[in-house]
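Listing of start09.txt; format and content: compact mmCIF, N, CA and C atoms.
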# COMPACT_ATOMS: atom_id res chain seq x y z
N MET A 1 -4.59 35.27 5.12
CA MET A 1 -3.41 35.56 5.91
C MET A 1 -3.04 37.02 5.73
N LYS A 2 -2.88 37.71 6.82
CA LYS A 2 -2.46 39.10 6.75
C LYS A 2 -0.95 39.19 6.52
N CYS A 3 -0.56 40.11 5.67
CA CYS A 3 0.86 40.36 5.41
C CYS A 3 1.48 40.94 6.68
N ILE A 4 2.64 40.42 7.07
CA ILE A 4 3.29 40.91 8.29
C ILE A 4 3.95 42.27 8.08
N TYR A 5 4.08 42.70 6.81
CA TYR A 5 4.74 43.97 6.52
C TYR A 5 3.74 45.11 6.38
N CYS A 6 2.64 44.88 5.63
CA CYS A 6 1.69 45.98 5.39
C CYS A 6 0.30 45.73 5.95
N GLY A 7 0.03 44.51 6.39
CA GLY A 7 -1.27 44.21 6.98
C GLY A 7 -2.36 43.85 5.98
N ASN A 8 -2.05 43.81 4.72
CA ASN A 8 -3.03 43.46 3.71
C ASN A 8 -3.46 41.99 3.87
N ALA A 9 -4.75 41.73 3.70
CA ALA A 9 -5.29 40.38 3.89
C ALA A 9 -5.18 39.50 2.65
N GLU A 10 -4.78 40.05 1.54
CA GLU A 10 -4.70 39.29 0.29
C GLU A 10 -3.27 38.87 -0.01
N SER A 11 -3.08 37.56 -0.18
CA SER A 11 -1.76 37.04 -0.55
C SER A 11 -1.97 35.82 -1.42
N LYS A 12 -0.90 35.43 -2.09
CA LYS A 12 -0.97 34.21 -2.89
C LYS A 12 0.13 33.26 -2.42
N VAL A 13 -0.15 31.96 -2.54
CA VAL A 13 0.81 30.94 -2.15
C VAL A 13 1.79 30.75 -3.30
N VAL A 14 3.08 30.93 -3.01
CA VAL A 14 4.13 30.79 -4.01
C VAL A 14 4.70 29.38 -3.99
N ASP A 15 4.86 28.81 -2.78
CA ASP A 15 5.43 27.48 -2.64
C ASP A 15 4.80 26.81 -1.43
N SER A 16 4.60 25.52 -1.52
CA SER A 16 3.98 24.77 -0.44
C SER A 16 4.68 23.43 -0.32
N ARG A 17 5.12 23.09 0.89
CA ARG A 17 5.77 21.78 1.09
C ARG A 17 5.60 21.33 2.53
N SER A 18 5.69 20.03 2.70
CA SER A 18 5.56 19.42 4.02
C SER A 18 6.83 19.68 4.82
N THR A 19 6.68 19.85 6.13
CA THR A 19 7.86 20.00 6.98
C THR A 19 8.52 18.65 7.16
N ASP A 20 9.71 18.65 7.75
CA ASP A 20 10.47 17.41 7.91
C ASP A 20 9.74 16.38 8.76
N ASP A 21 9.03 16.83 9.79
CA ASP A 21 8.33 15.90 10.67
C ASP A 21 7.00 15.43 10.07
N GLY A 22 6.55 16.08 9.00
CA GLY A 22 5.33 15.66 8.32
C GLY A 22 4.05 16.07 9.04
N ASN A 23 4.17 16.85 10.11
CA ASN A 23 2.99 17.24 10.88
C ASN A 23 2.45 18.62 10.53
N SER A 24 3.12 19.31 9.62
CA SER A 24 2.62 20.62 9.21
C SER A 24 3.07 20.90 7.78
N ILE A 25 2.48 21.95 7.22
CA ILE A 25 2.81 22.36 5.85
C ILE A 25 3.39 23.77 5.91
N ARG A 26 4.52 23.95 5.26
CA ARG A 26 5.16 25.25 5.19
C ARG A 26 4.73 25.91 3.89
N ARG A 27 4.23 27.13 3.98
CA ARG A 27 3.79 27.85 2.78
C ARG A 27 4.54 29.18 2.67
N ARG A 28 5.07 29.42 1.48
CA ARG A 28 5.66 30.72 1.17
C ARG A 28 4.57 31.53 0.49
N ARG A 29 4.33 32.71 1.01
CA ARG A 29 3.27 33.56 0.46
C ARG A 29 3.86 34.88 -0.02
N GLU A 30 3.14 35.48 -0.97
CA GLU A 30 3.53 36.79 -1.47
C GLU A 30 2.34 37.73 -1.34
N CYS A 31 2.58 38.85 -0.70
CA CYS A 31 1.53 39.84 -0.51
C CYS A 31 1.17 40.45 -1.86
N LEU A 32 -0.14 40.56 -2.13
CA LEU A 32 -0.59 41.12 -3.41
C LEU A 32 -0.51 42.64 -3.44
N GLN A 33 -0.30 43.26 -2.27
CA GLN A 33 -0.21 44.73 -2.23
C GLN A 33 1.24 45.20 -2.28
N CYS A 34 2.06 44.73 -1.33
CA CYS A 34 3.44 45.23 -1.27
C CYS A 34 4.44 44.32 -1.98
N GLY A 35 4.05 43.09 -2.29
CA GLY A 35 4.92 42.19 -3.03
C GLY A 35 5.96 41.46 -2.19
N LYS A 36 5.98 41.71 -0.90
CA LYS A 36 6.96 41.04 -0.04
C LYS A 36 6.49 39.62 0.27
N ARG A 37 7.47 38.77 0.57
CA ARG A 37 7.16 37.38 0.84
C ARG A 37 7.31 37.07 2.33
N PHE A 38 6.51 36.11 2.80
CA PHE A 38 6.57 35.65 4.19
C PHE A 38 6.16 34.19 4.24
N THR A 39 6.48 33.55 5.35
CA THR A 39 6.24 32.12 5.51
C THR A 39 5.17 31.88 6.56
N THR A 40 4.27 30.94 6.27
CA THR A 40 3.27 30.51 7.25
C THR A 40 3.35 29.00 7.39
N TYR A 41 2.86 28.51 8.51
CA TYR A 41 2.81 27.07 8.75
C TYR A 41 1.38 26.69 9.05
N GLU A 42 0.94 25.60 8.45
CA GLU A 42 -0.42 25.09 8.64
C GLU A 42 -0.33 23.75 9.36
N VAL A 43 -1.06 23.64 10.48
CA VAL A 43 -1.07 22.39 11.24
C VAL A 43 -2.51 21.94 11.45
N ILE A 44 -2.67 20.65 11.68
CA ILE A 44 -4.00 20.10 11.94
C ILE A 44 -4.43 20.51 13.33
N GLU A 45 -5.62 21.03 13.41
CA GLU A 45 -6.16 21.40 14.71
C GLU A 45 -6.87 20.19 15.30
N SER A 46 -6.43 19.80 16.47
CA SER A 46 -7.08 18.65 17.10
C SER A 46 -7.91 19.14 18.28
N THR A 47 -9.11 18.62 18.35
CA THR A 47 -9.97 18.99 19.47
C THR A 47 -9.72 18.00 20.60
N PRO A 48 -9.55 18.51 21.80
CA PRO A 48 -9.28 17.60 22.91
C PRO A 48 -10.51 16.74 23.22
N ILE A 49 -10.25 15.50 23.53
CA ILE A 49 -11.33 14.58 23.90
C ILE A 49 -11.24 14.36 25.40
N LEU A 50 -12.39 14.44 26.06
CA LEU A 50 -12.44 14.22 27.49
C LEU A 50 -13.03 12.84 27.78
N VAL A 51 -12.45 12.18 28.76
CA VAL A 51 -12.94 10.87 29.19
C VAL A 51 -13.81 11.10 30.42
N VAL A 52 -15.05 10.61 30.37
CA VAL A 52 -15.96 10.72 31.49
C VAL A 52 -15.82 9.45 32.32
N LYS A 53 -15.31 9.63 33.53
CA LYS A 53 -15.07 8.49 34.42
C LYS A 53 -16.39 8.03 35.06
N ALA A 54 -16.35 6.88 35.71
CA ALA A 54 -17.55 6.31 36.33
C ALA A 54 -18.15 7.23 37.39
N ASP A 55 -17.30 8.01 38.07
CA ASP A 55 -17.79 8.91 39.12
C ASP A 55 -18.25 10.26 38.56
N GLY A 56 -18.21 10.41 37.23
CA GLY A 56 -18.69 11.64 36.60
C GLY A 56 -17.60 12.67 36.34
N THR A 57 -16.41 12.47 36.87
CA THR A 57 -15.34 13.42 36.62
C THR A 57 -14.84 13.26 35.19
N ARG A 58 -14.20 14.29 34.71
CA ARG A 58 -13.68 14.30 33.35
C ARG A 58 -12.18 14.57 33.38
N GLN A 59 -11.48 13.90 32.47
CA GLN A 59 -10.05 14.14 32.32
C GLN A 59 -9.68 13.98 30.86
N PRO A 60 -8.58 14.60 30.44
CA PRO A 60 -8.18 14.50 29.03
C PRO A 60 -7.87 13.05 28.64
N PHE A 61 -8.22 12.71 27.40
CA PHE A 61 -7.94 11.38 26.86
C PHE A 61 -6.43 11.19 26.75
N ASP A 62 -5.94 10.08 27.27
CA ASP A 62 -4.51 9.78 27.23
C ASP A 62 -4.32 8.37 26.66
N PRO A 63 -3.91 8.26 25.39
CA PRO A 63 -3.72 6.95 24.77
C PRO A 63 -2.70 6.08 25.50
N LEU A 64 -1.77 6.71 26.21
CA LEU A 64 -0.75 5.96 26.94
C LEU A 64 -1.37 5.09 28.04
N LYS A 65 -2.48 5.54 28.62
CA LYS A 65 -3.16 4.75 29.65
C LYS A 65 -3.70 3.44 29.07
N ILE A 66 -4.20 3.51 27.85
CA ILE A 66 -4.69 2.30 27.18
C ILE A 66 -3.52 1.33 26.98
N LYS A 67 -2.42 1.86 26.46
CA LYS A 67 -1.26 1.01 26.18
C LYS A 67 -0.74 0.36 27.47
N ASN A 68 -0.65 1.13 28.54
CA ASN A 68 -0.16 0.57 29.80
C ASN A 68 -1.07 -0.54 30.32
N GLY A 69 -2.38 -0.35 30.19
CA GLY A 69 -3.34 -1.37 30.62
C GLY A 69 -3.24 -2.65 29.80
N VAL A 70 -3.06 -2.48 28.50
CA VAL A 70 -2.94 -3.65 27.61
C VAL A 70 -1.62 -4.37 27.87
N ILE A 71 -0.55 -3.62 28.07
CA ILE A 71 0.75 -4.25 28.37
C ILE A 71 0.65 -5.05 29.66
N LYS A 72 -0.01 -4.49 30.66
CA LYS A 72 -0.18 -5.20 31.94
C LYS A 72 -0.98 -6.48 31.73
N ALA A 73 -2.04 -6.42 30.94
CA ALA A 73 -2.86 -7.61 30.68
C ALA A 73 -2.10 -8.67 29.89
N CYS A 74 -1.17 -8.24 29.04
CA CYS A 74 -0.42 -9.16 28.19
C CYS A 74 0.90 -9.61 28.82
N GLU A 75 1.13 -9.20 30.06
CA GLU A 75 2.37 -9.54 30.74
C GLU A 75 2.56 -11.06 30.78
N LYS A 76 3.76 -11.51 30.42
CA LYS A 76 4.13 -12.93 30.39
C LYS A 76 3.27 -13.74 29.42
N ARG A 77 2.76 -13.09 28.40
CA ARG A 77 1.99 -13.74 27.35
C ARG A 77 2.76 -13.60 26.04
N PRO A 78 2.56 -14.50 25.10
CA PRO A 78 3.29 -14.42 23.82
C PRO A 78 2.65 -13.41 22.86
N VAL A 79 2.60 -12.16 23.29
CA VAL A 79 2.01 -11.11 22.47
C VAL A 79 3.10 -10.10 22.14
N ALA A 80 3.33 -9.89 20.85
CA ALA A 80 4.38 -8.96 20.40
C ALA A 80 3.96 -7.52 20.66
N ILE A 81 4.94 -6.68 20.93
CA ILE A 81 4.67 -5.27 21.21
C ILE A 81 4.04 -4.60 19.99
N ARG A 82 4.38 -5.06 18.79
CA ARG A 82 3.78 -4.45 17.59
C ARG A 82 2.27 -4.74 17.54
N ASP A 83 1.87 -5.92 18.06
CA ASP A 83 0.44 -6.24 18.12
C ASP A 83 -0.27 -5.37 19.16
N ILE A 84 0.41 -5.11 20.26
CA ILE A 84 -0.14 -4.22 21.29
C ILE A 84 -0.28 -2.81 20.73
N ASP A 85 0.77 -2.35 20.03
CA ASP A 85 0.73 -1.02 19.42
C ASP A 85 -0.41 -0.92 18.40
N ALA A 86 -0.58 -1.96 17.60
CA ALA A 86 -1.64 -1.96 16.59
C ALA A 86 -3.01 -1.90 17.26
N LEU A 87 -3.19 -2.65 18.33
CA LEU A 87 -4.45 -2.63 19.07
C LEU A 87 -4.73 -1.23 19.61
N CYS A 88 -3.72 -0.64 20.24
CA CYS A 88 -3.89 0.69 20.83
C CYS A 88 -4.15 1.75 19.76
N THR A 89 -3.45 1.66 18.65
CA THR A 89 -3.66 2.60 17.55
C THR A 89 -5.07 2.47 16.99
N SER A 90 -5.55 1.25 16.88
CA SER A 90 -6.89 1.00 16.38
C SER A 90 -7.95 1.63 17.29
N VAL A 91 -7.78 1.45 18.59
CA VAL A 91 -8.72 2.03 19.56
C VAL A 91 -8.66 3.55 19.50
N GLU A 92 -7.44 4.09 19.47
CA GLU A 92 -7.26 5.54 19.42
C GLU A 92 -7.90 6.14 18.17
N LYS A 93 -7.69 5.50 17.02
CA LYS A 93 -8.29 5.98 15.77
C LYS A 93 -9.81 5.97 15.85
N GLN A 94 -10.36 4.90 16.40
CA GLN A 94 -11.81 4.81 16.50
C GLN A 94 -12.36 5.92 17.39
N ILE A 95 -11.66 6.22 18.47
CA ILE A 95 -12.10 7.29 19.37
C ILE A 95 -12.05 8.64 18.67
N TYR A 96 -10.93 8.94 17.99
CA TYR A 96 -10.80 10.22 17.30
C TYR A 96 -11.76 10.33 16.11
N ASN A 97 -11.97 9.23 15.41
CA ASN A 97 -12.85 9.25 14.24
C ASN A 97 -14.33 9.36 14.60
N SER A 98 -14.65 9.12 15.86
CA SER A 98 -16.05 9.25 16.28
C SER A 98 -16.50 10.71 16.27
N LEU A 99 -15.55 11.63 16.28
CA LEU A 99 -15.80 13.07 16.27
C LEU A 99 -16.55 13.55 17.52
N GLU A 100 -16.61 12.72 18.53
CA GLU A 100 -17.22 13.11 19.80
C GLU A 100 -16.17 13.82 20.64
N GLN A 101 -16.60 14.75 21.46
CA GLN A 101 -15.65 15.45 22.33
C GLN A 101 -15.54 14.79 23.69
N GLU A 102 -16.46 13.88 23.99
CA GLU A 102 -16.43 13.15 25.25
C GLU A 102 -16.70 11.68 24.98
N ILE A 103 -16.04 10.83 25.76
CA ILE A 103 -16.26 9.39 25.67
C ILE A 103 -16.17 8.84 27.09
N THR A 104 -16.97 7.85 27.39
CA THR A 104 -16.94 7.28 28.73
C THR A 104 -15.78 6.29 28.84
N SER A 105 -15.27 6.16 30.04
CA SER A 105 -14.20 5.18 30.26
C SER A 105 -14.72 3.78 30.01
N GLN A 106 -16.01 3.58 30.22
CA GLN A 106 -16.63 2.28 29.95
C GLN A 106 -16.56 1.96 28.46
N ALA A 107 -16.85 2.94 27.61
CA ALA A 107 -16.80 2.72 26.17
C ALA A 107 -15.38 2.40 25.71
N ILE A 108 -14.39 3.07 26.30
CA ILE A 108 -13.00 2.78 25.96
C ILE A 108 -12.64 1.35 26.37
N GLY A 109 -13.06 0.97 27.56
CA GLY A 109 -12.80 -0.39 28.03
C GLY A 109 -13.40 -1.44 27.13
N GLU A 110 -14.61 -1.18 26.65
CA GLU A 110 -15.28 -2.13 25.74
C GLU A 110 -14.54 -2.24 24.42
N LEU A 111 -14.04 -1.10 23.90
CA LEU A 111 -13.28 -1.12 22.66
C LEU A 111 -12.00 -1.95 22.81
N VAL A 112 -11.32 -1.78 23.93
CA VAL A 112 -10.09 -2.53 24.19
C VAL A 112 -10.41 -4.02 24.32
N MET A 113 -11.44 -4.35 25.10
CA MET A 113 -11.79 -5.75 25.32
C MET A 113 -12.17 -6.44 24.01
N GLU A 114 -12.89 -5.73 23.16
CA GLU A 114 -13.30 -6.29 21.86
C GLU A 114 -12.08 -6.73 21.05
N ARG A 115 -11.03 -5.92 21.09
CA ARG A 115 -9.82 -6.25 20.32
C ARG A 115 -8.94 -7.27 21.03
N LEU A 116 -8.88 -7.19 22.35
CA LEU A 116 -8.08 -8.15 23.12
C LEU A 116 -8.61 -9.57 22.99
N LYS A 117 -9.92 -9.69 22.84
CA LYS A 117 -10.55 -11.01 22.75
C LYS A 117 -9.97 -11.81 21.59
N THR A 118 -9.68 -11.14 20.47
CA THR A 118 -9.12 -11.84 19.32
C THR A 118 -7.60 -11.93 19.38
N LEU A 119 -6.97 -11.04 20.15
CA LEU A 119 -5.52 -11.04 20.23
C LEU A 119 -4.98 -12.13 21.16
N ASP A 120 -5.52 -12.19 22.38
CA ASP A 120 -5.06 -13.17 23.35
C ASP A 120 -6.15 -13.37 24.41
N GLN A 121 -6.65 -14.57 24.53
CA GLN A 121 -7.78 -14.83 25.41
C GLN A 121 -7.44 -14.65 26.88
N VAL A 122 -6.24 -15.03 27.29
CA VAL A 122 -5.85 -14.86 28.69
C VAL A 122 -5.72 -13.37 29.01
N ALA A 123 -5.11 -12.61 28.11
CA ALA A 123 -4.99 -11.16 28.32
C ALA A 123 -6.38 -10.53 28.37
N TYR A 124 -7.29 -11.02 27.55
CA TYR A 124 -8.67 -10.53 27.55
C TYR A 124 -9.31 -10.74 28.92
N ILE A 125 -9.15 -11.92 29.49
CA ILE A 125 -9.75 -12.22 30.79
C ILE A 125 -9.08 -11.40 31.89
N ARG A 126 -7.77 -11.24 31.81
CA ARG A 126 -7.06 -10.40 32.79
C ARG A 126 -7.58 -8.97 32.74
N PHE A 127 -7.66 -8.43 31.54
CA PHE A 127 -8.12 -7.05 31.38
C PHE A 127 -9.55 -6.92 31.90
N ALA A 128 -10.39 -7.88 31.54
CA ALA A 128 -11.80 -7.84 31.96
C ALA A 128 -11.93 -7.92 33.47
N SER A 129 -11.08 -8.71 34.12
CA SER A 129 -11.18 -8.85 35.57
C SER A 129 -10.90 -7.54 36.28
N VAL A 130 -10.00 -6.75 35.75
CA VAL A 130 -9.71 -5.44 36.34
C VAL A 130 -10.76 -4.43 35.90
N TYR A 131 -11.06 -4.42 34.60
CA TYR A 131 -12.00 -3.45 34.05
C TYR A 131 -13.41 -3.62 34.62
N ARG A 132 -13.86 -4.85 34.71
CA ARG A 132 -15.23 -5.10 35.21
C ARG A 132 -15.31 -5.19 36.72
N GLN A 133 -14.16 -5.16 37.37
CA GLN A 133 -14.08 -5.17 38.84
C GLN A 133 -14.90 -6.31 39.45
N PHE A 134 -14.53 -7.53 39.11
CA PHE A 134 -15.23 -8.68 39.66
C PHE A 134 -15.12 -8.66 41.19
N ARG A 135 -16.24 -8.81 41.85
CA ARG A 135 -16.29 -8.72 43.31
C ARG A 135 -16.00 -10.06 43.99
N ASP A 136 -16.29 -11.16 43.29
CA ASP A 136 -16.05 -12.47 43.87
C ASP A 136 -15.80 -13.50 42.77
N VAL A 137 -15.47 -14.68 43.18
CA VAL A 137 -15.13 -15.75 42.24
C VAL A 137 -16.33 -16.14 41.38
N THR A 138 -17.52 -16.11 41.96
CA THR A 138 -18.73 -16.49 41.22
C THR A 138 -18.92 -15.60 39.99
N THR A 139 -18.76 -14.31 40.17
CA THR A 139 -18.91 -13.36 39.06
C THR A 139 -17.85 -13.64 38.00
N PHE A 140 -16.65 -13.94 38.45
CA PHE A 140 -15.55 -14.23 37.53
C PHE A 140 -15.85 -15.51 36.73
N ILE A 141 -16.32 -16.53 37.39
CA ILE A 141 -16.65 -17.80 36.72
C ILE A 141 -17.78 -17.60 35.72
N GLU A 142 -18.79 -16.80 36.09
CA GLU A 142 -19.88 -16.51 35.17
C GLU A 142 -19.37 -15.83 33.90
N PHE A 143 -18.45 -14.91 34.09
CA PHE A 143 -17.87 -14.20 32.93
C PHE A 143 -17.12 -15.18 32.03
N ILE A 144 -16.34 -16.07 32.62
CA ILE A 144 -15.60 -17.04 31.83
C ILE A 144 -16.55 -17.98 31.10
N ASN A 145 -17.63 -18.37 31.75
CA ASN A 145 -18.61 -19.25 31.09
C ASN A 145 -19.28 -18.55 29.91
N GLU A 146 -19.53 -17.25 30.03
CA GLU A 146 -20.09 -16.48 28.91
C GLU A 146 -19.10 -16.41 27.75
N PHE A 147 -17.83 -16.38 28.09
CA PHE A 147 -16.75 -16.24 27.11
C PHE A 147 -16.65 -17.50 26.24
N LYS A 148 -16.92 -18.65 26.82
CA LYS A 148 -16.78 -19.92 26.10
C LYS A 148 -17.64 -19.98 24.92

Would you kindly transcribe this structure into structure tokens?
Amino acid sequence: MKCIYCGNAESKVVDSRSTDDGNSIRRRRECLQCGKRFTTYEVIESTPILVVKADGTRQPFDPLKIKNGVIKACEKRPVAIRDIDALCTSVEKQIYNSLEQEITSQAIGELVMERLKTLDQVAYIRFASVYRQFRDVTTFIEFINEFK
């Protein structure tokens, strides 16, 4: 860190503590040349993840889209919002922990379906019917038979 007073690149950390929101660290530094103190903040750098859609277009990953889809699938079902939040957080963590910069919308859908299957079977079938875009009743019935 360069000193804001003299430009020297050498400093020592005098005090370090988490900010109130817990998303960054506040550090008090002392310049080794001029002795003046200054404050720096350290935050986690997140790399944006792009979702590759079926048509090849790319858009930024938005966890809220997952939550909205799951809420829609769980509509009028006995599924608590905390369970929906846990499912969405689990999917989001898996996506970020993969360390990939791109993920297909198909892969995201599969991750959601995998978790919905154990959470609520009706919500799972609802989500699958939209996600897999069943063209007719026969395809839908085949999917349900595979599910059994």

Could you jot down the atom C of Glu30 (chain A) to CA of Ile44 (chain A) separation for me, Å, one decimal place?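 Atom-to-atom, atom C of Glu30 (chain A) and CA of Ile44 (chain A) are spaced 23.0 Å apart.
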
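Among the candidates A:Pro48, A:Glu42, A:Tyr131, A:Asp62, the residue lying nearest to Glu102 (chain A) is A:Pro48 (atoms considered: all atoms listed in the file).
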
Backbone-only DSSP, alpha helix (DSSP H) members of region 71-134 of chain A, as a VMD selection string: chain A and resid 71 to 73 81 to 97 105 to 119 121 to 131

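For the residues A:Asp120, A:Glu10, A:Asp20, A:Glu146, ranking by smallest atom-to-atom distance to Lys76 (chain A) using only C-alpha atoms places A:Asp120 first.
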
Separation of CA of Ile125 (chain A) from CA of Ile108 (chain A), in Å and rounded to one decimal: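 Separation of CA of Ile125 (chain A) and CA of Ile108 (chain A): 16.1 Å.
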
Selection: 5 Å around Ser24 (chain A), all atoms listed in the file, excl. self and same-chain fewer than 4 positions, as number ranges by chain: A: 18-19, 42-43

Separation of CA of Gln106 (chain A) and atom N of Ser46 (chain A), in Å? 24.3 Å

Assuming 8 Å of padding per side, give the centre and edge lengths of the axis-aligned box around every listed atom of region 114-123 of chain A, in Å to one decimal and as JSON.
{"center_x": -9.1, "center_y": -10.4, "center_z": 24.2, "size_x": 24.3, "size_y": 25.3, "size_z": 25.7}

May I have the residues within 5 Å of Ala123 (chain A) as a PyMOL selection string, using all atoms listed in the file and disregarding those fewer than 3 positions away in the same chain? chain A and resi 73-74+120+126-127

Which of A:Ile103, A:Val112, A:Cys88, A:Val130 sits closest to Gly56 (chain A) [using only C-alpha atoms]: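 The closest residue to Gly56 (chain A) is A:Ile103.
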
When you count only C-alpha atoms, which of these residues is closest to Arg27 (chain A): A:Thr39, A:Ser105, A:Asn97, A:Ser11? A:Thr39

If we count only C-alpha atoms and set the cut-off at 12 Å, which residues sit around Glu92 (chain A), ignoring sequence neighbours fewer than 6 positions away in its own chain? Please answer as a ChimeraX atom specification. /A:49,61-67,85-86,98-99,103,108-109,111-112

Give me the residues near Cys3 (chain A) as a PyMOL selection string, where near means some atom within 7 Å (using only C-alpha atoms) and where sequence neighbours in that chain fewer than 5 positions away do not count. chain A and resi 8-9+31

Just list the residues in region 6-147 of chain A DSSP gives strand (DSSP E or B) on the backbone, as a tab-separated table (two decimals) with N, CA and C atoms, keeping the file's coordinate frame.
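Output below, filename part21.tsv:
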chain	number	residue	atom	x	y	z
A	11	SER	N	-3.08	37.56	-0.18
A	11	SER	CA	-1.76	37.04	-0.55
A	11	SER	C	-1.97	35.82	-1.42
A	12	LYS	N	-0.90	35.43	-2.09
A	12	LYS	CA	-0.97	34.21	-2.89
A	12	LYS	C	0.13	33.26	-2.42
A	13	VAL	N	-0.15	31.96	-2.54
A	13	VAL	CA	0.81	30.94	-2.15
A	13	VAL	C	1.79	30.75	-3.30
A	14	VAL	N	3.08	30.93	-3.01
A	14	VAL	CA	4.13	30.79	-4.01
A	14	VAL	C	4.70	29.38	-3.99
A	15	ASP	N	4.86	28.81	-2.78
A	15	ASP	CA	5.43	27.48	-2.64
A	15	ASP	C	4.80	26.81	-1.43
A	16	SER	N	4.60	25.52	-1.52
A	16	SER	CA	3.98	24.77	-0.44
A	16	SER	C	4.68	23.43	-0.32
A	17	ARG	N	5.12	23.09	0.89
A	17	ARG	CA	5.77	21.78	1.09
A	17	ARG	C	5.60	21.33	2.53
A	18	SER	N	5.69	20.03	2.70
A	18	SER	CA	5.56	19.42	4.02
A	18	SER	C	6.83	19.68	4.82
A	24	SER	N	3.12	19.31	9.62
A	24	SER	CA	2.62	20.62	9.21
A	24	SER	C	3.07	20.90	7.78
A	25	ILE	N	2.48	21.95	7.22
A	25	ILE	CA	2.81	22.36	5.85
A	25	ILE	C	3.39	23.77	5.91
A	26	ARG	N	4.52	23.95	5.26
A	26	ARG	CA	5.16	25.25	5.19
A	26	ARG	C	4.73	25.91	3.89
A	27	ARG	N	4.23	27.13	3.98
A	27	ARG	CA	3.79	27.85	2.78
A	27	ARG	C	4.54	29.18	2.67
A	28	ARG	N	5.07	29.42	1.48
A	28	ARG	CA	5.66	30.72	1.17
A	28	ARG	C	4.57	31.53	0.49
A	29	ARG	N	4.33	32.71	1.01
A	29	ARG	CA	3.27	33.56	0.46
A	29	ARG	C	3.86	34.88	-0.02
A	30	GLU	N	3.14	35.48	-0.97
A	30	GLU	CA	3.53	36.79	-1.47
A	30	GLU	C	2.34	37.73	-1.34
A	31	CYS	N	2.58	38.85	-0.70
A	31	CYS	CA	1.53	39.84	-0.51
A	31	CYS	C	1.17	40.45	-1.86
A	37	ARG	N	7.47	38.77	0.57
A	37	ARG	CA	7.16	37.38	0.84
A	37	ARG	C	7.31	37.07	2.33
A	38	PHE	N	6.51	36.11	2.80
A	38	PHE	CA	6.57	35.65	4.19
A	38	PHE	C	6.16	34.19	4.24
A	39	THR	N	6.48	33.55	5.35
A	39	THR	CA	6.24	32.12	5.51
A	39	THR	C	5.17	31.88	6.56
A	40	THR	N	4.27	30.94	6.27
A	40	THR	CA	3.27	30.51	7.25
A	40	THR	C	3.35	29.00	7.39
A	41	TYR	N	2.86	28.51	8.51
A	41	TYR	CA	2.81	27.07	8.75
A	41	TYR	C	1.38	26.69	9.05
A	42	GLU	N	0.94	25.60	8.45
A	42	GLU	CA	-0.42	25.09	8.64
A	42	GLU	C	-0.33	23.75	9.36
A	43	VAL	N	-1.06	23.64	10.48
A	43	VAL	CA	-1.07	22.39	11.24
A	43	VAL	C	-2.51	21.94	11.45
A	50	LEU	N	-12.39	14.44	26.06
A	50	LEU	CA	-12.44	14.22	27.49
A	50	LEU	C	-13.03	12.84	27.78
A	51	VAL	N	-12.45	12.18	28.76
A	51	VAL	CA	-12.94	10.87	29.19
A	51	VAL	C	-13.81	11.10	30.42
A	52	VAL	N	-15.05	10.61	30.37
A	52	VAL	CA	-15.96	10.72	31.49
A	52	VAL	C	-15.82	9.45	32.32
A	58	ARG	N	-14.20	14.29	34.71
A	58	ARG	CA	-13.68	14.30	33.35
A	58	ARG	C	-12.18	14.57	33.38
A	59	GLN	N	-11.48	13.90	32.47
A	59	GLN	CA	-10.05	14.14	32.32
A	59	GLN	C	-9.68	13.98	30.86
A	60	PRO	N	-8.58	14.60	30.44
A	60	PRO	CA	-8.18	14.50	29.03
A	60	PRO	C	-7.87	13.05	28.64
A	102	GLU	N	-16.46	13.88	23.99
A	102	GLU	CA	-16.43	13.15	25.25
A	102	GLU	C	-16.70	11.68	24.98
A	103	ILE	N	-16.04	10.83	25.76
A	103	ILE	CA	-16.26	9.39	25.67
A	103	ILE	C	-16.17	8.84	27.09
A	104	THR	N	-16.97	7.85	27.39
A	104	THR	CA	-16.94	7.28	28.73
A	104	THR	C	-15.78	6.29	28.84

Distance criterion (only C-alpha atoms): nearest to Gln101 (chain A) out of A:Arg28, A:Arg17, A:Arg58, A:Lys12: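 The closest residue to Gln101 (chain A) is A:Arg58.
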